[in-house]
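Step one of this worksheet: look at the structure below.
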Number of protein chains: 4
Amino acid sequence: MTILIKGGLVIGPSGASHADVLVDGETIAALYAPGRGPADVETIDATGKYVIPGAIDAHTHMQLPFGGTEASDTFDTGTRAAAIGGTTTIIDFAVQRYGEVVHDSLAAWHAKADGNCHIDYAFHMILGGVDDESLKAMDRLVTDEGISSFKLFMAYPGVFYSDDGQILRAMQKARSNGSMIMMHAENGPAIDVLVQQALQRGETDPIFHGLTRPQELEAEATSRAIWLAAVAADCPLYIVHLSASKALEQVKAARDLGRNVFAETCPQYLYLTLEDQLGAPGFEGAKWVCSTPLRSGKQSHRADLWQGLRTNDLSVVSTDHCPFCMKDQKELGLGDFSKIPNGIGGVEHRVDLLYQGVVDGKLSLARWVETIATTPARMFGLYPRKGVIAPGSDADIVVYDPNAHTRISVETHHMNMDHSAWEGWEIDGGVDTVLSRGTVVARGGTYTGRAGHGRFLKRGLSDYLL
Amino acid sequence: MTILIKGGLVIGPSGASHADVLVDGETIAALYAPGRGPADVETIDATGKYVIPGAIDAHTHMQLPFGGTEASDTFDTGTRAAAIGGTTTIIDFAVQRYGEVVHDSLAAWHAKADGNCHIDYAFHMILGGVDDESLKAMDRLVTDEGISSFKLFMAYPGVFYSDDGQILRAMQKARSNGSMIMMHAENGPAIDVLVQQALQRGETDPIFHGLTRPQELEAEATSRAIWLAAVAADCPLYIVHLSASKALEQVKAARDLGRNVFAETCPQYLYLTLEDQLGAPGFEGAKWVCSTPLRSGKQSHRADLWQGLRTNDLSVVSTDHCPFCMKDQKELGLGDFSKIPNGIGGVEHRVDLLYQGVVDGKLSLARWVETIATTPARMFGLYPRKGVIAPGSDADIVVYDPNAHTRISVETHHMNMDHSAWEGWEIDGGVDTVLSRGTVVARGGTYTGRAGHGRFLKRGLSDYLL
Amino acid sequence: MTILIKGGLVIGPSGASHADVLVDGETIAALYAPGRGPADVETIDATGKYVIPGAIDAHTHMQLPFGGTEASDTFDTGTRAAAIGGTTTIIDFAVQRYGEVVHDSLAAWHAKADGNCHIDYAFHMILGGVDDESLKAMDRLVTDEGISSFKLFMAYPGVFYSDDGQILRAMQKARSNGSMIMMHAENGPAIDVLVQQALQRGETDPIFHGLTRPQELEAEATSRAIWLAAVAADCPLYIVHLSASKALEQVKAARDLGRNVFAETCPQYLYLTLEDQLGAPGFEGAKWVCSTPLRSGKQSHRADLWQGLRTNDLSVVSTDHCPFCMKDQKELGLGDFSKIPNGIGGVEHRVDLLYQGVVDGKLSLARWVETIATTPARMFGLYPRKGVIAPGSDADIVVYDPNAHTRISVETHHMNMDHSAWEGWEIDGGVDTVLSRGTVVARGGTYTGRAGHGRFLKRGLSDYLL
Amino acid sequence: MTILIKGGLVIGPSGASHADVLVDGETIAALYAPGRGPADVETIDATGKYVIPGAIDAHTHMQLPFGGTEASDTFDTGTRAAAIGGTTTIIDFAVQRYGEVVHDSLAAWHAKADGNCHIDYAFHMILGGVDDESLKAMDRLVTDEGISSFKLFMAYPGVFYSDDGQILRAMQKARSNGSMIMMHAENGPAIDVLVQQALQRGETDPIFHGLTRPQELEAEATSRAIWLAAVAADCPLYIVHLSASKALEQVKAARDLGRNVFAETCPQYLYLTLEDQLGAPGFEGAKWVCSTPLRSGKQSHRADLWQGLRTNDLSVVSTDHCPFCMKDQKELGLGDFSKIPNGIGGVEHRVDLLYQGVVDGKLSLARWVETIATTPARMFGLYPRKGVIAPGSDADIVVYDPNAHTRISVETHHMNMDHSAWEGWEIDGGVDTVLSRGTVVARGGTYTGRAGHGRFLKRGLSDYLL
Ligand SMILES: [Zn+2]
Ligand SMILES: [Zn+2]
Ligand SMILES: [Zn+2]
Ligand SMILES: [Zn+2]
Ligand SMILES: [Zn+2]
Ligand SMILES: [Zn+2]
Ligand SMILES: [Zn+2]
Ligand SMILES: [Zn+2]
């Protein structure tokens with residue numbers, strides 16, 4: 001089928017041009033100066049609207065087993081919500097646990113996703129057990145499976161934790177096969193001490209989740225990961241969910257040296273705070289228990305993160321979508337914050353929340369598109385198939401309406417959650433139409449896609465390495 | 001006329017896609033997925049070649065009066081050479097001298113350029129005499145004349161020099177009208193002391209031009225300009241011809257703070273050195289007398305500048321094209337380096353010289369295009385008319401052949417110079433075809449353009465300011 | 001005469017020891033373990049008290065002509081007040097104005113001081129006109145006159161201002177003869193623009209004196225002086241009256257590189273603020289008009305300066321004593337802050353004010369003594385004659401009582417001022433007894449010295465240079 | 001007995017004064033201006049010589065069990081050698097191994113030292129097993145045993161290693177009881193990976209000991225310790241044997257923030273290199289296997305460390321004296337560098353080696369005394385009993401002769417080693433006379449002391465904390 005998206009302002013990472021976009025089948029066939037496209041095709045009127053590449057969420061955890069329960073969105077419900085919100089690709093994390101064979105773990109994740117996704121998807125691989133065998137598997141994943149990024153944890157001793165020797169070995173391997181190491185950078189052993197001390201003092205409310213994870217322990221781990229990557233011959237390193245000013249300083253310092261160091265942040269760190277959300281009365285704060293935690297609004301974290309996005313010291317905004325319902329899930333931590341499953345759901349709202357940054361004068365339109373679509377594609381080996389409106393690229397396209405108005409609420413969202421972390425937030429704009437590989441999957445608020453439309457994407461290596 | 005540029009790899013600032021580009025009249029009409037364009041039009045075969053936006057040289061000095069002589073390229077000879085080398089826009093500097101009325105100065109520069117240019121051109125304005133009247137003129141130039149950037153000098157006391165009070169006033173004005181302050185950042189009063197001391201010691205050879213302009217005095221002035229811009233409410237500041245590691249550190253520090261501070265470097269600082277070129281035997285070094293000067297090859301300047309280009313701490317590569325012949329011009333400084341006219345000619349070679357950086361693994365293809373075309377356009381208010389291959393943009397296009405080989409020499413160059421600063425340099429690539437506003441002006445080494453084709457461009461404000 | 005100071009805790013820059021101090025004539029004859037001194041001499045009972053070296057105020061301006069009037073303390077009244085407050089040496093500034101012969105200026109200052117001082121004194125030389133002649137004079141002052149430090153101004157264009165070329169030349173000279181360059185580091189030309197703009201807006205109150213001298217212009221000048229000193233082969237540089245966090249950062253950065261860069265601050269910057277003092281209602285703020293100005297209490301200046309004292313990034317505390325009465329003097333600036341004579345008087349209170357820092361937990365006892373006595377002596381070539389309690393040193397000794405209580409007021413102070421900048425401040429301690437070269441000049445609040453006791457000190461070179 | 005040390009230049013941390021020192025019994029009774037002391041006592045003629053406080057070596061390992069053998073100096077032989085070299089106090093490390101009761105370990109060390117020492121000695125405590133019990137013991141050691149500093153290891157997993165949780169707990173305890181945490185800062189788990197990889201590649205020579213401990217892993221651990229100390233409310237932290245530029249940068253950054261962070265270096269890092277010593281032909285390099293390792297002479301480590309000593313970013317020079325003979329000890333690592341016992345012996349030579357820095361223009365006389373005597377005393381709670389020449393202090397005094405000449409050799413040294421790490425080094429000066437608590441223990445090269453003279457010193461808290 002052929003569609004001409006007419007009259008819109010096409011926005012890419014370096015700026016905006018008026019152009020009409022011709023979609024033919026699954027890909028973009030042509031871009032025309034306004035009015036120069038074919039006359040005899042179906043059209044989508046984008047007059048007064050923005051035409052942007054479908055957004056890419058490079059950090060999601062659909063149906064992740066964690067803390068004795070499982071993230072509440074399946075690949076079905078989660079990718080459907082993503083699509084409605086303008087995200088047309090997710091990169092989820094397959095998980096190898098200590099003692100598991102990497103390929104078995106990967107197969108398990110393929111089984112979860114296969115046939116269930118509404119949009120295209122790819123996998124990073126979490127390595128919970130770095131050893132001779134899993135190191136060898138890294139090569140095969142890069143070569144054969146289209147998986148070119150591996151996540152390690154400096155937190156969660158006894159669960160996902162790798163020690164510095166394991167980290168170094170995985171980094172050396174990544175350096176040799178061209179892949180990327182992604183790092184959850186928090187000093188787990190030190191945090192565990194603080195958590196035990198807090199619990200012993202009877203400090204059990206959700207806010208103590210944040211207070212026992214001080215930014216110094218994120219900054220420290222970020223710094224350590226950067227040092228270890230240096231020892232591994234400047235192995236490419238991507239810090240996930242960076243939340244704090246002092247951690248950002250570490251990334252800046254490395255980038256000033258020209259190091260292959262990158263970082264993402266998430267909407268929750270740009271907008272929410274330890275006091276206002278995590279410190280909400282009673283057990284309410286449990287909704288915002290995630291790691292890294294929300295940071296104090298009395299410090300400059302949020303302003304610093306917005307600035308980092310502008311200066312490209314923060315390259316990407318992902319959601320770290322990892323939803324848990326209050327009932328039966330978050331409630332596991334009633335009376336003991338350390339038992340609250342860690343995670344916030346937001347895969348549906350990232351495009352909107354970052355657009356609000358444009359409205360607020362914090363980001364340019366070009367940088368909005370770059371941080372939510374183009375850079376994730378380039379960072380993780382999906383460009384130019386994804387992340388850009390260009391002839392030959394997949395026709396993943398969002399028509400975004402700057403004159404719309406969006407109100408976020410559990411009443412209206414599509415994620416499988418019994419609450420919203422963003423309840424009542426209002427956006428001065430809204431998703432109008434979403435195409436995934438040429439198919440309109442959402443239009444005017446109506447979902448028109450289907451599970452199974454989404455395909456697994458084999459990724460190449462990152463574009464950012466010289 | 002309609003032309004389809006077929007089979008090439010179109011390179012933009014975020015990456016490359018195979019696409020065919022349809023030129024209709026002066027602009028780009030459409031981009032097609034390979035093979036999807038119209039069949040019945042004239043074609044340029046770009047198979048195996050790169051298709052890039054025409055390059056923009058944001059810093060040239062055609063027929064500039066300086067040191068008792070005048071830069072040897074006219075707007076005619078200089079823009080012709082630029083076009084042959086793949087540069088389809090220059091931004092030259094109109095000069096207001098102390099005591100002159102700004103609009104008269106501008107009129108004089110228009111008179112020089114009008115009808116003589118082979119490619120499109122714009123002007124920055126040099127303010128040699130900041131006072132109440134010239135400050136008022138700044139507003140009018142922005143509003144009416146399409147001139148949105150103003151250059152000041154911290155060097156050359158008694159010639160172009162502004163004191164810190166004048167600089168501050170001009171910055172305040174720029175802050176209020178949205179324009180950009182460009183700064184020649186060297187501490188002139190201190191340099192003049194070192195120059196006089198050197199001459200008194202009988203140190204008259206060209207190399208002393210460099211030795212009397214130590215990098216500390218470039219770093220100091222760069223730092224000072226950044227402080228003054230802070231006092232002027234973060235007035236946008238663009239450091240021209242940054243040459244040295246310590247100056248780059250100042251820019252980095254400001255950019256880490258999210259400041260509106262930008263810098264350009266030039267090919268001469270990326271490749272040439274104080275010892276090898278400026279220190280050439282006899283008077284030979286005079287060819288490379290320019291300010292800021294070439295820096296020592298024993299220090300890390302060149303590597304640091306290449307890294308700065310990668311990290312975007314250096315945003316632009318311009319030439320500072322300011323050619324003087326040895327005979328009758330550079331020779332004015334025989335026996336006294338301080339009398340050698342300052343300047344190097346290179347407007348013809350920038351696209352090639354930076355491409356060599358790609359070949360050498362120092363820049364990505366995308367970053368090559370960004371630093372020579374896209375960023376200059378965005379920085380100086382020409383985007384998306386210039387600097388990008390997009391529907392509706394001016395059809396300023398270069399087909400670049402990575403399999404060609406280019407040897408630079410005075411025997412073959414087109415600039416009006418009796419020597420080449422790059423004599424004998426070889427490039428692993430070459431310009432194949434150049435279009436300016438839809439007209440093929442160079443093809444296979446033959447020049448096909450004409451003086452008068454180029455038009456004056458009124459510029460808008462910079463894209464980089466939030 | 002022979003005196004034994006018994007029972008005290010002798011404090012030096014590295015700590016405290018109980019010891020008895022034998023003074024014989026003008027010098028210290030011996031230090032004894034408690035009780036081991038001679039029994040048959042006059043004693044001063046220092047039991048429960050601190051015995052410290054007489055303090056050195058390295059920055060005073062007795063009877064300085066400024067702004068059409070003259071500082072209100074003569075060498076007589078000013079040194080008397082100093083003595084009462086525990087300061088037994090001042091280093092005042094002789095002033096060469098533009099067009100004057102350095103030796104004539106020095107002679108004029110000797111004439112003012114000779115026979116009038118109650119304590120020993122030395123001179124720095126202000127060079128208001130750096131030229132061939134005054135540069136030659138620098139050598140002679142170092143060699144013959146015991147003047148080994150020269151102050152330049154980056155502020156006050158048309159009065160004391162030196163341009164960067166002059167500064168560089170003076171620094172080169174200082175580097176060659178071993179002397180120290182002292183710098184008033186504020187960007188005068190930029191400040192003058194801000195002052196004129198404020199006055200044009202009708203902003204005439206004293207607080208605008210501070211608002212037109214933003215810390216960025218102190219930081220800039222500090223940075224510039226450091227760069228120029230680098231060009232002068234790391235000429236020793238001493239920044240006077242450092243007041244602001246960003247200026248301190250410049251000094252820190254240089255000191256981290258091992259540079260010969262030093263700085264002093266003054267009590268007013270450690271305690272007072274732009275809002276509370278300079279912004280006092282009506283014309284009251286004129287009392288605190290000094291340059292560099294008091295800084296905002298909403299920023300971290302004061303905490304940063306105290307920390308700088310602890311870390312030795314600030315080496316010295318001086319007063320910059322430059323008193324003007326409100327009547328007939330400060331009042332010159334009624335209706336125009338720029339006409340208010342710049343200066344605060346405080347030579348009498350520095351020892352107390354810094355001791356309060358000890359009480360408040362901001363400085364150690366050892367560091368108190370070091371910053372007010374030992375380091376000034378070492379910095380300016382007076383050690384070990386001054387600045388230490390050691391056999392053979394001048395018997396300049398203060399017995400300080402930590403159980404006393406001091407209240408500062410114009411009612412009780414001894415400076416020739418019609419107000420106090422410290423009116424009502426209370427100190428948890430007090431000066432008990434003061435000896436100058438073996439003579440008790442103050443005891444139990446009674447002054448027992450005399451004008452003419454003080455002698456001119458020829459100084460050597462700084463101890464701090466390797 | 002009473003002795004007058006006459007005619008010398010007494011050097012303290014802030015400078016030098018001519019004075020005569022009266023020793024009476026074990027302490028200093030008085031300091032006199034030259035010639036003012038008693039006439040009827042035994043004298044030591046120090047004319048033309050320096051009189052300095054006996055040096056303090058804050059880091060020694062007498063008869064330390066390590067790697068299957070034991071350090072070759074006993075408390076007898078080691079302290080005798082120290083005394084001859086001008087060191088009159090050592091602070092050795094008692095060792096609690098994992099599973100041991102702290103007080104038992106301490107008792108064992110007392111048993112080794114008691115009655116055997118020639119000079120006074122104190123202990124730090126190494127905690128090899130941080131747990132509830134050993135944490136409680138820390139309080140008792142501070143309160144009852146005069147042990148106010150505790151050393152932890154980030155290196156040597158399975159031997160002395162503490163994980164970050166243990167480190168944090170010990171730091172919290174130290175913060176609460178006022179004691180100091182000393183840190184061996186190298187990332188052991190990462191180093192162990194590099195060591196295993198090197199051995200697998202057949203890289204077994206001593207130089208690979210250095211190559212598998214890159215400075216990045218020292219810098220990382222240093223940085224991490226500083227972050228953890230921040231989480232422990234700025235617990236005082238002392239980095240031992242800092243060897244590398246990048247580690248020093250971490251310390252500098254912390255000190256610029258006013259943090260309670262200190263560091264020592266050792267003579268081997270100031271003079272010796274990876275290439276020249278550790279890379280000596282065959283197995284010779286084993287003599288210089290120590291951790292942290294010697295660093296590359298091609299980088300700026302040594303110059304940076306000397307500069308750090310000047311700027312007080314390095315506060316102390318200790319030896320880390322841990323001697324092993326080549327025969328039967330170092331030889332354990334023939335064919336496998338990882339089996340070479342780690343350690344260099346030098347307790348006898350530190351005073352001389354640092355004095356050579358004075359001769360070479362790298363340190364002032366005052367700073368020489370401060371880094372080897374005064375600061376160690378103040379840092380570790382021994383001041384003013386030790387570390388200063390003052391009435392009432394212990395009469396630990398060294399008369400140092402700047403006109404002597406010292407040649408270091410295994411032929412002449414007094415340590416129990418079959419080689420010298422400093423063989424053939426020449427010093428332009430030499431130790432003349434050494435007094436320990438009033439007893440002359442060495443004079444003119446003849447040893448006159450005895451085992452058992454030295455006493456255990458109970459230490460107080462550090463002077464450096466506010
Ligand atoms: Zn994570
Ligand atoms: Zn995650
Ligand atoms: Zn210039
Ligand atoms: Zn130029
Ligand atoms: Zn001043
Ligand atoms: Zn002053
Ligand atoms: Zn160690
Ligand atoms: Zn050790």
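Labeling convention for the structure tokens: chains A, B, ... as they appear, residues from 1 per chain, ligands from 1 in order of appearance.
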
Distance query range 437-447 of chain B at most 10 Å, only C-alpha atoms, self and fewer than 3 positions along chain excluded, as a PyMOL selection string: chain B and resi 1-3+22-28+54+80-81+83-86+88+118-120+386+393-399+430-434+450+453-455

Ligand 8 neighbours within 8 Å using only C-alpha atoms and all ligand atoms, as a ChimeraX atom specification: /D:59-61,93,184,240-241,320-322,343

Neighbours of chain D in chain C at 8 Å, counting only C-alpha atoms, as a ChimeraX atom specification: /C:13-19,28-34,36,252,255-258,307-308,310-311,361-364,374,383-384,390-392,466

Within 10 Å of ligand 5 (only C-alpha atoms and all ligand atoms), residues as a ChimeraX atom specification: /C:59,151-156,160,182-186,239-242,290-292,320,342-343

Hey, can you spit out that residue selection with N, CA, C and O atoms as a compact mmCIF listing (two decimals), in the first residue's frame?
```txt
# COMPACT_ATOMS: atom_id res chain seq x y z
N HIS C 59 48.74 43.98 54.04
CA HIS C 59 48.00 44.80 53.07
C HIS C 59 47.27 45.93 53.79
O HIS C 59 46.15 45.75 54.25
N LYS C 151 52.88 45.87 43.26
CA LYS C 151 51.47 45.68 43.00
C LYS C 151 51.03 46.38 41.72
O LYS C 151 51.38 47.54 41.49
N LEU C 152 50.25 45.66 40.93
CA LEU C 152 49.69 46.20 39.70
C LEU C 152 48.17 46.11 39.78
O LEU C 152 47.63 45.32 40.55
N PHE C 153 47.51 46.87 38.95
CA PHE C 153 46.04 46.92 38.94
C PHE C 153 45.51 46.58 37.57
O PHE C 153 45.93 47.19 36.58
N MET C 154 44.58 45.64 37.52
CA MET C 154 43.83 45.39 36.29
C MET C 154 42.53 46.20 36.31
O MET C 154 41.78 46.16 35.34
N ALA C 155 42.28 46.88 37.41
CA ALA C 155 41.11 47.75 37.52
C ALA C 155 41.56 49.21 37.49
O ALA C 155 42.74 49.49 37.34
N TYR C 156 40.59 50.11 37.64
CA TYR C 156 40.85 51.55 37.72
C TYR C 156 41.57 52.12 36.49
O TYR C 156 42.65 52.71 36.61
N PHE C 160 45.24 53.62 38.33
CA PHE C 160 46.37 52.72 38.60
C PHE C 160 46.55 51.67 37.50
O PHE C 160 47.53 50.93 37.51
N MET C 182 52.07 41.45 42.91
CA MET C 182 50.78 41.42 43.59
C MET C 182 49.75 42.01 42.64
O MET C 182 50.03 43.00 41.97
N MET C 183 48.59 41.43 42.60
CA MET C 183 47.64 41.87 41.58
C MET C 183 46.27 42.18 42.16
O MET C 183 45.68 41.34 42.84
N HIS C 184 45.80 43.37 41.87
CA HIS C 184 44.39 43.69 42.05
C HIS C 184 43.69 43.18 40.79
O HIS C 184 43.81 43.78 39.72
N ALA C 185 42.97 42.08 40.95
CA ALA C 185 42.45 41.36 39.79
C ALA C 185 40.95 41.61 39.62
O ALA C 185 40.12 40.90 40.18
N GLU C 186 40.65 42.63 38.91
CA GLU C 186 39.28 42.89 38.44
C GLU C 186 39.41 43.51 37.06
O GLU C 186 40.30 44.33 36.84
N ILE C 239 47.60 37.16 44.44
CA ILE C 239 46.33 37.85 44.19
C ILE C 239 45.87 38.49 45.49
O ILE C 239 45.70 37.79 46.49
N VAL C 240 45.67 39.78 45.48
CA VAL C 240 45.22 40.46 46.70
C VAL C 240 43.71 40.38 46.83
O VAL C 240 42.99 40.14 45.87
N HIS C 241 43.24 40.54 48.05
CA HIS C 241 41.82 40.63 48.41
C HIS C 241 40.89 39.80 47.53
O HIS C 241 39.91 40.31 47.00
N LEU C 242 41.18 38.50 47.45
CA LEU C 242 40.30 37.60 46.71
C LEU C 242 38.99 37.45 47.48
O LEU C 242 38.98 37.16 48.67
N CYS C 290 34.03 48.63 49.04
CA CYS C 290 35.44 48.34 48.86
C CYS C 290 35.56 47.52 47.58
O CYS C 290 34.57 46.98 47.10
N SER C 291 36.77 47.44 47.04
CA SER C 291 36.95 46.68 45.80
C SER C 291 38.12 45.74 46.00
O SER C 291 39.18 46.21 46.42
N THR C 292 37.94 44.51 45.71
CA THR C 292 36.77 43.78 45.28
C THR C 292 35.63 43.97 46.29
O THR C 292 35.90 44.20 47.47
N ASP C 320 43.46 44.73 53.97
CA ASP C 320 43.25 45.80 52.99
C ASP C 320 42.70 47.04 53.71
O ASP C 320 41.81 47.72 53.21
N ASN C 342 36.72 53.90 47.98
CA ASN C 342 36.73 52.46 48.19
C ASN C 342 37.60 52.08 49.37
O ASN C 342 38.80 52.34 49.36
N GLY C 343 37.02 51.41 50.35
CA GLY C 343 37.87 50.94 51.42
C GLY C 343 37.12 50.69 52.71
O GLY C 343 36.12 51.34 53.00
```

Exercise: Ser72 in chain A partners within 9 Å, only C-alpha atoms, chain neighbours under 2 positions left out, as JSON, numbers by chain: {"A": [62, 63, 64, 69, 70, 74, 77, 78, 322, 323, 324, 325, 329, 415, 416, 417]}

Write out, as a PDB file, in the first residue's frame, the residues just selected, with C-alpha atoms.
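part-v9.pdb, written as the output of this step:
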```
ATOM      1  CA  MET A  62       8.667  -6.735  29.333  1.00  0.00           C
ATOM      2  CA  GLN A  63       7.535  -9.540  31.649  1.00  0.00           C
ATOM      3  CA  LEU A  64      10.868  -9.500  33.499  1.00  0.00           C
ATOM      4  CA  THR A  69       7.139 -11.469  40.672  1.00  0.00           C
ATOM      5  CA  GLU A  70       7.197 -10.470  37.025  1.00  0.00           C
ATOM      6  CA  THR A  74       3.837  -8.709  28.414  1.00  0.00           C
ATOM      7  CA  THR A  77       0.515  -5.324  26.174  1.00  0.00           C
ATOM      8  CA  GLY A  78       3.779  -3.460  26.432  1.00  0.00           C
ATOM      9  CA  CYS A 322       9.622  -2.160  34.120  1.00  0.00           C
ATOM     10  CA  PRO A 323       6.037  -1.963  35.367  1.00  0.00           C
ATOM     11  CA  PHE A 324       4.650  -3.504  38.514  1.00  0.00           C
ATOM     12  CA  CYS A 325       1.139  -3.112  39.823  1.00  0.00           C
ATOM     13  CA  GLN A 329       3.432  -6.628  43.315  1.00  0.00           C
ATOM     14  CA  MET A 415      -0.001  -0.349  29.813  1.00  0.00           C
ATOM     15  CA  ASN A 416      -0.945  -3.218  32.087  1.00  0.00           C
ATOM     16  CA  MET A 417      -0.603  -1.269  35.314  1.00  0.00           C
TER      17      MET A 417
END
```

All helix (DSSP H, G or I) positions in range 156-391 of chain C, as a PyMOL selection string: chain C and resi 164-177+188-200+207-211+215-231+245-256+267-271+274-278+284-288+301-311+330-333+337-339+350-359+365-379
